[in-house]
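A.B. asks: Enclosed is the structure file input.cif (mmCIF, N, CA and C atoms).
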data_target
#
loop_
_atom_site.label_atom_id
_atom_site.label_comp_id
_atom_site.auth_asym_id
_atom_site.auth_seq_id
_atom_site.Cartn_x
_atom_site.Cartn_y
_atom_site.Cartn_z
N MET A 1 46.89 105.57 79.79
CA MET A 1 48.05 106.44 79.81
C MET A 1 48.43 106.76 78.36
N LYS A 2 48.70 108.01 78.08
CA LYS A 2 49.11 108.43 76.74
C LYS A 2 50.57 108.08 76.54
N PRO A 3 50.99 107.91 75.28
CA PRO A 3 52.40 107.63 75.02
C PRO A 3 53.29 108.71 75.63
N PHE A 4 54.43 108.28 76.16
CA PHE A 4 55.46 109.16 76.74
C PHE A 4 55.03 109.85 78.03
N GLN A 5 53.95 109.37 78.64
CA GLN A 5 53.57 109.95 79.93
C GLN A 5 54.18 109.19 81.09
N GLY A 6 54.77 108.05 80.82
CA GLY A 6 55.37 107.27 81.88
C GLY A 6 56.70 106.71 81.42
N ALA A 7 57.38 106.09 82.32
CA ALA A 7 58.67 105.49 81.98
C ALA A 7 58.71 104.10 82.58
N ALA A 8 59.28 103.16 81.86
CA ALA A 8 59.45 101.81 82.38
C ALA A 8 60.77 101.78 83.15
N ILE A 9 60.71 101.38 84.39
CA ILE A 9 61.87 101.29 85.25
C ILE A 9 62.12 99.81 85.52
N THR A 10 63.35 99.36 85.35
CA THR A 10 63.68 97.99 85.69
C THR A 10 64.25 97.98 87.10
N LEU A 11 63.60 97.25 87.97
CA LEU A 11 63.99 97.18 89.37
C LEU A 11 65.12 96.17 89.53
N PRO A 12 65.86 96.24 90.65
CA PRO A 12 66.94 95.28 90.88
C PRO A 12 66.47 93.82 90.81
N SER A 13 65.22 93.58 91.11
CA SER A 13 64.68 92.22 91.07
C SER A 13 64.53 91.73 89.64
N GLY A 14 64.69 92.64 88.67
CA GLY A 14 64.55 92.28 87.27
C GLY A 14 63.17 92.56 86.71
N HIS A 15 62.25 92.94 87.56
CA HIS A 15 60.90 93.26 87.11
C HIS A 15 60.84 94.70 86.61
N SER A 16 60.04 94.92 85.60
CA SER A 16 59.84 96.28 85.10
C SER A 16 58.55 96.83 85.67
N GLU A 17 58.55 98.10 85.89
CA GLU A 17 57.38 98.77 86.45
C GLU A 17 57.21 100.09 85.73
N VAL A 18 56.00 100.42 85.39
CA VAL A 18 55.73 101.70 84.76
C VAL A 18 55.47 102.72 85.86
N VAL A 19 56.20 103.83 85.80
CA VAL A 19 56.02 104.90 86.78
C VAL A 19 55.73 106.18 86.02
N SER A 20 55.18 107.13 86.74
CA SER A 20 54.88 108.41 86.10
C SER A 20 56.18 109.13 85.78
N LEU A 21 56.09 110.06 84.89
CA LEU A 21 57.26 110.85 84.51
C LEU A 21 57.81 111.61 85.72
N ASP A 22 56.90 112.12 86.56
CA ASP A 22 57.34 112.82 87.77
C ASP A 22 58.12 111.88 88.70
N ASP A 23 57.61 110.66 88.87
CA ASP A 23 58.30 109.69 89.72
C ASP A 23 59.66 109.32 89.12
N ALA A 24 59.69 109.17 87.79
CA ALA A 24 60.95 108.84 87.12
C ALA A 24 61.97 109.95 87.34
N GLN A 25 61.54 111.21 87.29
CA GLN A 25 62.44 112.33 87.51
C GLN A 25 62.98 112.34 88.94
N VAL A 26 62.13 111.98 89.90
CA VAL A 26 62.57 111.90 91.30
C VAL A 26 63.61 110.79 91.45
N ILE A 27 63.36 109.65 90.82
CA ILE A 27 64.30 108.53 90.89
C ILE A 27 65.63 108.92 90.27
N ILE A 28 65.59 109.57 89.12
CA ILE A 28 66.83 110.00 88.44
C ILE A 28 67.58 111.01 89.29
N ALA A 29 66.88 111.96 89.89
CA ALA A 29 67.53 112.95 90.75
C ALA A 29 68.20 112.28 91.94
N SER A 30 67.53 111.29 92.51
CA SER A 30 68.09 110.55 93.64
C SER A 30 69.36 109.80 93.24
N LEU A 31 69.33 109.17 92.07
CA LEU A 31 70.51 108.46 91.58
C LEU A 31 71.66 109.42 91.28
N GLN A 32 71.35 110.57 90.72
CA GLN A 32 72.38 111.56 90.43
C GLN A 32 73.03 112.06 91.71
N GLU A 33 72.24 112.26 92.75
CA GLU A 33 72.78 112.69 94.04
C GLU A 33 73.69 111.62 94.63
N ALA A 34 73.29 110.36 94.52
CA ALA A 34 74.12 109.27 95.01
C ALA A 34 75.45 109.22 94.27
N VAL A 35 75.43 109.43 92.97
CA VAL A 35 76.67 109.45 92.18
C VAL A 35 77.56 110.61 92.62
N ARG A 36 76.96 111.79 92.84
CA ARG A 36 77.76 112.94 93.29
C ARG A 36 78.42 112.64 94.63
N LYS A 37 77.70 112.02 95.55
CA LYS A 37 78.28 111.69 96.86
C LYS A 37 79.42 110.69 96.69
N ASP A 38 79.24 109.68 95.85
CA ASP A 38 80.30 108.71 95.61
C ASP A 38 81.53 109.39 95.02
N GLU A 39 81.33 110.31 94.06
CA GLU A 39 82.45 111.01 93.45
C GLU A 39 83.16 111.89 94.46
N THR A 40 82.42 112.52 95.37
CA THR A 40 83.02 113.35 96.41
C THR A 40 83.85 112.49 97.35
N LEU A 41 83.32 111.35 97.75
CA LEU A 41 84.05 110.43 98.63
C LEU A 41 85.30 109.92 97.93
N LEU A 42 85.17 109.49 96.68
CA LEU A 42 86.31 109.02 95.92
C LEU A 42 87.37 110.12 95.81
N GLY A 43 86.93 111.35 95.55
CA GLY A 43 87.87 112.47 95.44
C GLY A 43 88.63 112.71 96.73
N LYS A 44 87.92 112.71 97.86
CA LYS A 44 88.56 112.96 99.17
C LYS A 44 89.58 111.86 99.47
N ILE A 45 89.19 110.63 99.24
CA ILE A 45 90.08 109.51 99.53
C ILE A 45 91.29 109.52 98.60
N THR A 46 91.06 109.81 97.33
CA THR A 46 92.15 109.82 96.36
C THR A 46 93.14 110.94 96.65
N VAL A 47 92.65 112.12 97.01
CA VAL A 47 93.55 113.24 97.35
C VAL A 47 94.43 112.87 98.54
N ALA A 48 93.85 112.22 99.54
CA ALA A 48 94.65 111.81 100.70
C ALA A 48 95.74 110.82 100.28
N ALA A 49 95.38 109.86 99.44
CA ALA A 49 96.37 108.87 98.98
C ALA A 49 97.46 109.54 98.16
N CYS A 50 97.08 110.50 97.33
CA CYS A 50 98.08 111.21 96.51
C CYS A 50 99.12 111.90 97.38
N SER A 51 98.66 112.56 98.42
CA SER A 51 99.60 113.31 99.25
C SER A 51 100.49 112.39 100.08
N ILE A 52 99.97 111.26 100.52
CA ILE A 52 100.77 110.34 101.34
C ILE A 52 101.77 109.55 100.50
N TYR A 53 101.32 109.08 99.35
CA TYR A 53 102.16 108.21 98.53
C TYR A 53 102.92 108.95 97.44
N GLY A 54 102.67 110.26 97.28
CA GLY A 54 103.42 111.07 96.33
C GLY A 54 103.14 110.74 94.87
N VAL A 55 101.88 110.45 94.57
CA VAL A 55 101.50 110.13 93.19
C VAL A 55 100.34 111.03 92.78
N SER A 56 100.01 111.01 91.49
CA SER A 56 98.92 111.85 91.00
C SER A 56 97.60 111.08 91.00
N LYS A 57 96.52 111.83 91.01
CA LYS A 57 95.19 111.23 90.92
C LYS A 57 95.06 110.46 89.61
N HIS A 58 95.59 111.03 88.56
CA HIS A 58 95.53 110.39 87.25
C HIS A 58 96.21 109.01 87.29
N SER A 59 97.34 108.91 87.98
CA SER A 59 98.05 107.63 88.03
C SER A 59 97.27 106.60 88.86
N ILE A 60 96.61 107.04 89.93
CA ILE A 60 95.82 106.12 90.74
C ILE A 60 94.66 105.56 89.93
N MET A 61 94.01 106.41 89.18
CA MET A 61 92.84 105.98 88.41
C MET A 61 93.25 105.31 87.09
N GLY A 62 94.52 105.45 86.71
CA GLY A 62 94.99 104.93 85.43
C GLY A 62 95.51 103.51 85.52
N ARG A 63 96.38 103.16 84.58
CA ARG A 63 96.89 101.80 84.44
C ARG A 63 98.32 101.63 84.95
N GLN A 64 98.94 102.70 85.45
CA GLN A 64 100.33 102.60 85.91
C GLN A 64 100.47 101.56 87.00
N ARG A 65 101.64 100.92 87.04
CA ARG A 65 101.85 99.84 88.00
C ARG A 65 103.12 100.01 88.81
N SER A 66 103.62 101.23 88.95
CA SER A 66 104.80 101.43 89.79
C SER A 66 104.43 101.10 91.24
N GLU A 67 105.44 100.83 92.04
CA GLU A 67 105.20 100.40 93.41
C GLU A 67 104.33 101.40 94.19
N MET A 68 104.68 102.68 94.14
CA MET A 68 103.94 103.67 94.93
C MET A 68 102.53 103.88 94.39
N VAL A 69 102.37 103.84 93.08
CA VAL A 69 101.02 103.97 92.50
C VAL A 69 100.15 102.79 92.96
N CYS A 70 100.70 101.59 92.91
CA CYS A 70 99.93 100.42 93.35
C CYS A 70 99.57 100.51 94.83
N LYS A 71 100.51 100.96 95.65
CA LYS A 71 100.22 101.10 97.08
C LYS A 71 99.12 102.14 97.31
N ALA A 72 99.19 103.25 96.60
CA ALA A 72 98.16 104.29 96.74
C ALA A 72 96.81 103.77 96.25
N ARG A 73 96.80 103.13 95.10
CA ARG A 73 95.55 102.59 94.55
C ARG A 73 94.94 101.54 95.49
N ASN A 74 95.80 100.67 96.03
CA ASN A 74 95.32 99.65 96.96
C ASN A 74 94.70 100.28 98.21
N ALA A 75 95.31 101.36 98.69
CA ALA A 75 94.77 102.05 99.86
C ALA A 75 93.40 102.65 99.55
N VAL A 76 93.27 103.26 98.38
CA VAL A 76 91.98 103.85 97.97
C VAL A 76 90.92 102.75 97.86
N LEU A 77 91.28 101.65 97.22
CA LEU A 77 90.33 100.54 97.07
C LEU A 77 89.89 100.00 98.43
N ALA A 78 90.86 99.82 99.33
CA ALA A 78 90.53 99.29 100.66
C ALA A 78 89.64 100.25 101.44
N ALA A 79 89.92 101.54 101.34
CA ALA A 79 89.10 102.52 102.05
C ALA A 79 87.66 102.51 101.52
N LEU A 80 87.52 102.40 100.23
CA LEU A 80 86.17 102.35 99.63
C LEU A 80 85.47 101.04 100.01
N ALA A 81 86.22 99.94 100.02
CA ALA A 81 85.63 98.65 100.41
C ALA A 81 85.14 98.71 101.86
N GLU A 82 85.91 99.36 102.72
CA GLU A 82 85.51 99.51 104.13
C GLU A 82 84.24 100.34 104.27
N ARG A 83 83.97 101.19 103.29
CA ARG A 83 82.77 102.02 103.31
C ARG A 83 81.59 101.36 102.61
N GLY A 84 81.74 100.10 102.27
CA GLY A 84 80.61 99.34 101.76
C GLY A 84 80.54 99.14 100.26
N PHE A 85 81.54 99.63 99.51
CA PHE A 85 81.53 99.41 98.07
C PHE A 85 81.88 97.95 97.80
N SER A 86 81.15 97.32 96.91
CA SER A 86 81.41 95.93 96.57
C SER A 86 82.59 95.84 95.60
N ARG A 87 83.11 94.65 95.44
CA ARG A 87 84.19 94.45 94.48
C ARG A 87 83.71 94.78 93.06
N ASN A 88 82.46 94.46 92.76
CA ASN A 88 81.91 94.80 91.44
C ASN A 88 81.86 96.30 91.22
N GLU A 89 81.43 97.05 92.24
CA GLU A 89 81.39 98.51 92.13
C GLU A 89 82.79 99.09 91.98
N LEU A 90 83.74 98.56 92.76
CA LEU A 90 85.12 99.05 92.67
C LEU A 90 85.71 98.73 91.30
N ALA A 91 85.41 97.55 90.79
CA ALA A 91 85.91 97.17 89.46
C ALA A 91 85.39 98.14 88.40
N ALA A 92 84.13 98.50 88.50
CA ALA A 92 83.55 99.44 87.54
C ALA A 92 84.18 100.83 87.67
N MET A 93 84.39 101.28 88.90
CA MET A 93 84.96 102.61 89.12
C MET A 93 86.39 102.72 88.58
N PHE A 94 87.16 101.63 88.71
CA PHE A 94 88.57 101.66 88.34
C PHE A 94 88.85 100.95 87.01
N HIS A 95 87.79 100.56 86.32
CA HIS A 95 87.92 99.92 85.00
C HIS A 95 88.83 98.69 85.06
N ARG A 96 88.54 97.84 86.03
CA ARG A 96 89.28 96.60 86.21
C ARG A 96 88.29 95.46 86.45
N ASP A 97 88.80 94.24 86.45
CA ASP A 97 87.89 93.14 86.76
C ASP A 97 87.95 92.85 88.26
N THR A 98 87.01 92.08 88.74
CA THR A 98 86.91 91.85 90.18
C THR A 98 88.10 91.09 90.73
N SER A 99 88.73 90.24 89.93
CA SER A 99 89.91 89.52 90.42
C SER A 99 91.06 90.48 90.68
N ALA A 100 91.19 91.53 89.87
CA ALA A 100 92.22 92.55 90.10
C ALA A 100 91.95 93.29 91.41
N ILE A 101 90.69 93.55 91.69
CA ILE A 101 90.32 94.23 92.95
C ILE A 101 90.66 93.33 94.13
N SER A 102 90.30 92.06 94.03
CA SER A 102 90.61 91.11 95.11
C SER A 102 92.11 91.02 95.33
N HIS A 103 92.88 90.98 94.26
CA HIS A 103 94.34 90.92 94.36
C HIS A 103 94.88 92.17 95.04
N ALA A 104 94.37 93.33 94.67
CA ALA A 104 94.83 94.58 95.27
C ALA A 104 94.56 94.62 96.76
N LEU A 105 93.38 94.18 97.17
CA LEU A 105 93.04 94.18 98.59
C LEU A 105 93.91 93.19 99.37
N ALA A 106 94.19 92.05 98.76
CA ALA A 106 95.07 91.07 99.40
C ALA A 106 96.50 91.60 99.49
N ALA A 107 96.95 92.30 98.45
CA ALA A 107 98.31 92.86 98.45
C ALA A 107 98.47 93.87 99.58
N LEU A 108 97.46 94.71 99.79
CA LEU A 108 97.53 95.68 100.89
C LEU A 108 97.60 94.96 102.23
N LYS A 109 96.80 93.95 102.40
CA LYS A 109 96.81 93.17 103.64
C LYS A 109 98.20 92.59 103.90
N ASP A 110 98.83 92.06 102.86
CA ASP A 110 100.19 91.51 102.99
C ASP A 110 101.19 92.61 103.34
N GLN A 111 101.07 93.76 102.69
CA GLN A 111 101.98 94.88 102.97
C GLN A 111 101.86 95.32 104.42
N LEU A 112 100.63 95.39 104.92
CA LEU A 112 100.42 95.83 106.30
C LEU A 112 100.97 94.81 107.30
N ALA A 113 100.96 93.54 106.91
CA ALA A 113 101.46 92.50 107.80
C ALA A 113 102.98 92.45 107.85
N THR A 114 103.64 92.95 106.82
CA THR A 114 105.09 92.77 106.73
C THR A 114 105.92 94.05 106.79
N SER A 115 105.29 95.22 106.69
CA SER A 115 106.07 96.45 106.58
C SER A 115 105.58 97.53 107.54
N GLN A 116 106.48 97.97 108.41
CA GLN A 116 106.14 99.05 109.33
C GLN A 116 105.86 100.34 108.58
N ALA A 117 106.61 100.61 107.51
CA ALA A 117 106.37 101.82 106.72
C ALA A 117 104.97 101.79 106.11
N SER A 118 104.54 100.63 105.65
CA SER A 118 103.19 100.50 105.10
C SER A 118 102.15 100.74 106.18
N ARG A 119 102.40 100.22 107.37
CA ARG A 119 101.45 100.44 108.47
C ARG A 119 101.39 101.91 108.85
N ASP A 120 102.54 102.59 108.85
CA ASP A 120 102.57 104.02 109.17
C ASP A 120 101.81 104.82 108.12
N ASN A 121 102.06 104.52 106.84
CA ASN A 121 101.34 105.23 105.76
C ASN A 121 99.84 104.97 105.86
N TRP A 122 99.45 103.73 106.12
CA TRP A 122 98.04 103.36 106.23
C TRP A 122 97.38 104.11 107.38
N ALA A 123 98.07 104.19 108.51
CA ALA A 123 97.52 104.90 109.68
C ALA A 123 97.32 106.38 109.36
N GLU A 124 98.29 107.00 108.71
CA GLU A 124 98.16 108.41 108.35
C GLU A 124 97.05 108.61 107.33
N PHE A 125 96.96 107.72 106.38
CA PHE A 125 95.90 107.77 105.37
C PHE A 125 94.53 107.67 106.03
N LYS A 126 94.35 106.72 106.93
CA LYS A 126 93.08 106.54 107.63
C LYS A 126 92.74 107.78 108.46
N ARG A 127 93.76 108.38 109.08
CA ARG A 127 93.52 109.59 109.88
C ARG A 127 93.00 110.72 108.98
N ARG A 128 93.56 110.85 107.80
CA ARG A 128 93.18 111.95 106.90
C ARG A 128 91.78 111.77 106.30
N ILE A 129 91.35 110.54 106.12
CA ILE A 129 90.04 110.33 105.49
C ILE A 129 88.92 110.13 106.50
N ALA A 130 89.29 110.12 107.79
CA ALA A 130 88.27 109.91 108.84
C ALA A 130 87.25 111.03 108.87
#
Could you write out this structure as structure tokens?

C.D. replies:
Amino acid sequence: MKPFQGAAITLPSGHSEVVSLDDAQVIIASLQEAVRKDETLLGKITVAACSIYGVSKHSIMGRQRSEMVCKARNAVLAALAERGFSRNELAAMFHRDTSAISHALAALKDQLATSQASRDNWAEFKRRIA
């Protein structure tokens, strides 16, 4: 193989494998499509949370900690977790550590157990993102 005709890909197992440039381009295109789908899902879920909780997308993705922002952010995190995103993936998306994600998910669970208003908002949120 001539230089620059292939690319070394590191697999999740930690092993590296040399693939052709064409194969590398297919892999990259597949990953880009997966990212676009994740961003679309995140956008849909975030817009629903914004309208229900009366906050901005910027505040949900940011560092604000007001009560309504936290409730909206927790709802978004829980919805994404229900769709199979790991705590590590959520932490990366929201620029937080995994313990913050765990705390947020637990806080939502507590809110749903103790507040009818929280249950009503959660039900409407789930209806909108279904």

A.B. asks: Could you please write out, as a count of residues only, every residue of segment 8-124 of chain A that DSSP assigns to helix (DSSP H, G or I)?

C.D. replies: 88

A.B. asks: Point out the residue among A:Arg128, A:Ala106, A:Cys50, A:Ser20 with the least atom-to-atom distance to Ala72 of chain A, counting only C-alpha atoms.

C.D. replies: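 Using only C-alpha atoms, Ala72 of chain A sits closest to A:Cys50.
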
A.B. asks: Can you write out as a tab-separated table which residues of segment 33-66 of chain A fall within 8 Å of segment 94-98 of chain A, alongside each residue's closest atom pair and its distance in Å to one decimal, counting only N, CA and C atoms and ordering rows by chain and ascending residue number?

C.D. replies:
residue	atom	partner	partner_atom	distance
A:Ile60	C	A:Phe94	CA	7.4
A:Met61	C	A:Phe94	CA	6.1
A:Gly62	N	A:Phe94	CA	7.2

A.B. asks: Of the residues A:Asp23, A:Ser102, A:Glu124, A:His58, which is the one nearest to Ser86 of chain A, using only C-alpha atoms?

C.D. replies: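 Under the stated criterion, the closest residue is A:Ser102.
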
A.B. asks: Suppose a student applies the PyMOL selection byres (((chain A and resi 109 and name CA) around 12) and name CA) to this structure; what residues should they get, written as a list in words?

C.D. replies: Lys71, Asn74, Ala75, Leu77, Ala78, Ser102, His103, Ala104, Leu105, Ala106, Ala107, Leu108, Asp110, Gln111, Leu112, Ala113, Thr114, Ser115, Ser118, Arg119 and Trp122 of chain A

A.B. asks: Give me, please, the distance in Å between atom N of Ala123 of chain A and atom C of Ala91 of chain A, quoted to one decimal.

C.D. replies: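 Result for atom N of Ala123 of chain A versus atom C of Ala91 of chain A: 24.5 Å, one decimal.
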
A.B. asks: Return as JSON, numbers by chain the set of residues that the PyMOL selection byres (((chain A and resi 45 and name CA) around 9) and name CA) yields on the displayed structure.

C.D. replies: {"A": [40, 41, 42, 43, 44, 46, 47, 48, 49, 50, 75, 76, 79, 80, 125, 128, 129]}

A.B. asks: Would you compute the distance between atom N of Glu89 of chain A and atom CA of Met68 of chain A? Give it in Å to one decimal.

C.D. replies: 23.6 Å

A.B. asks: Counting only C-alpha atoms, which residue out of A:Ala81, A:Ala29, A:Val55, A:Val19 sits closest to Val69 of chain A?

C.D. replies: A:Val55

A.B. asks: Please compute the atom CA of Val26 of chain A-atom CA of Gly84 of chain A distance, one decimal, in Å.

C.D. replies: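 Computed distance, atom CA of Val26 of chain A to atom CA of Gly84 of chain A, equals 24.3 Å.
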
A.B. asks: Let me make sure I understand: among A:Glu39, A:Glu67, A:Asn121, A:Arg87, which one has the smallest atom-to-atom distance to Ile52 of chain A if we use all atoms listed in the file?

C.D. replies: A:Asn121
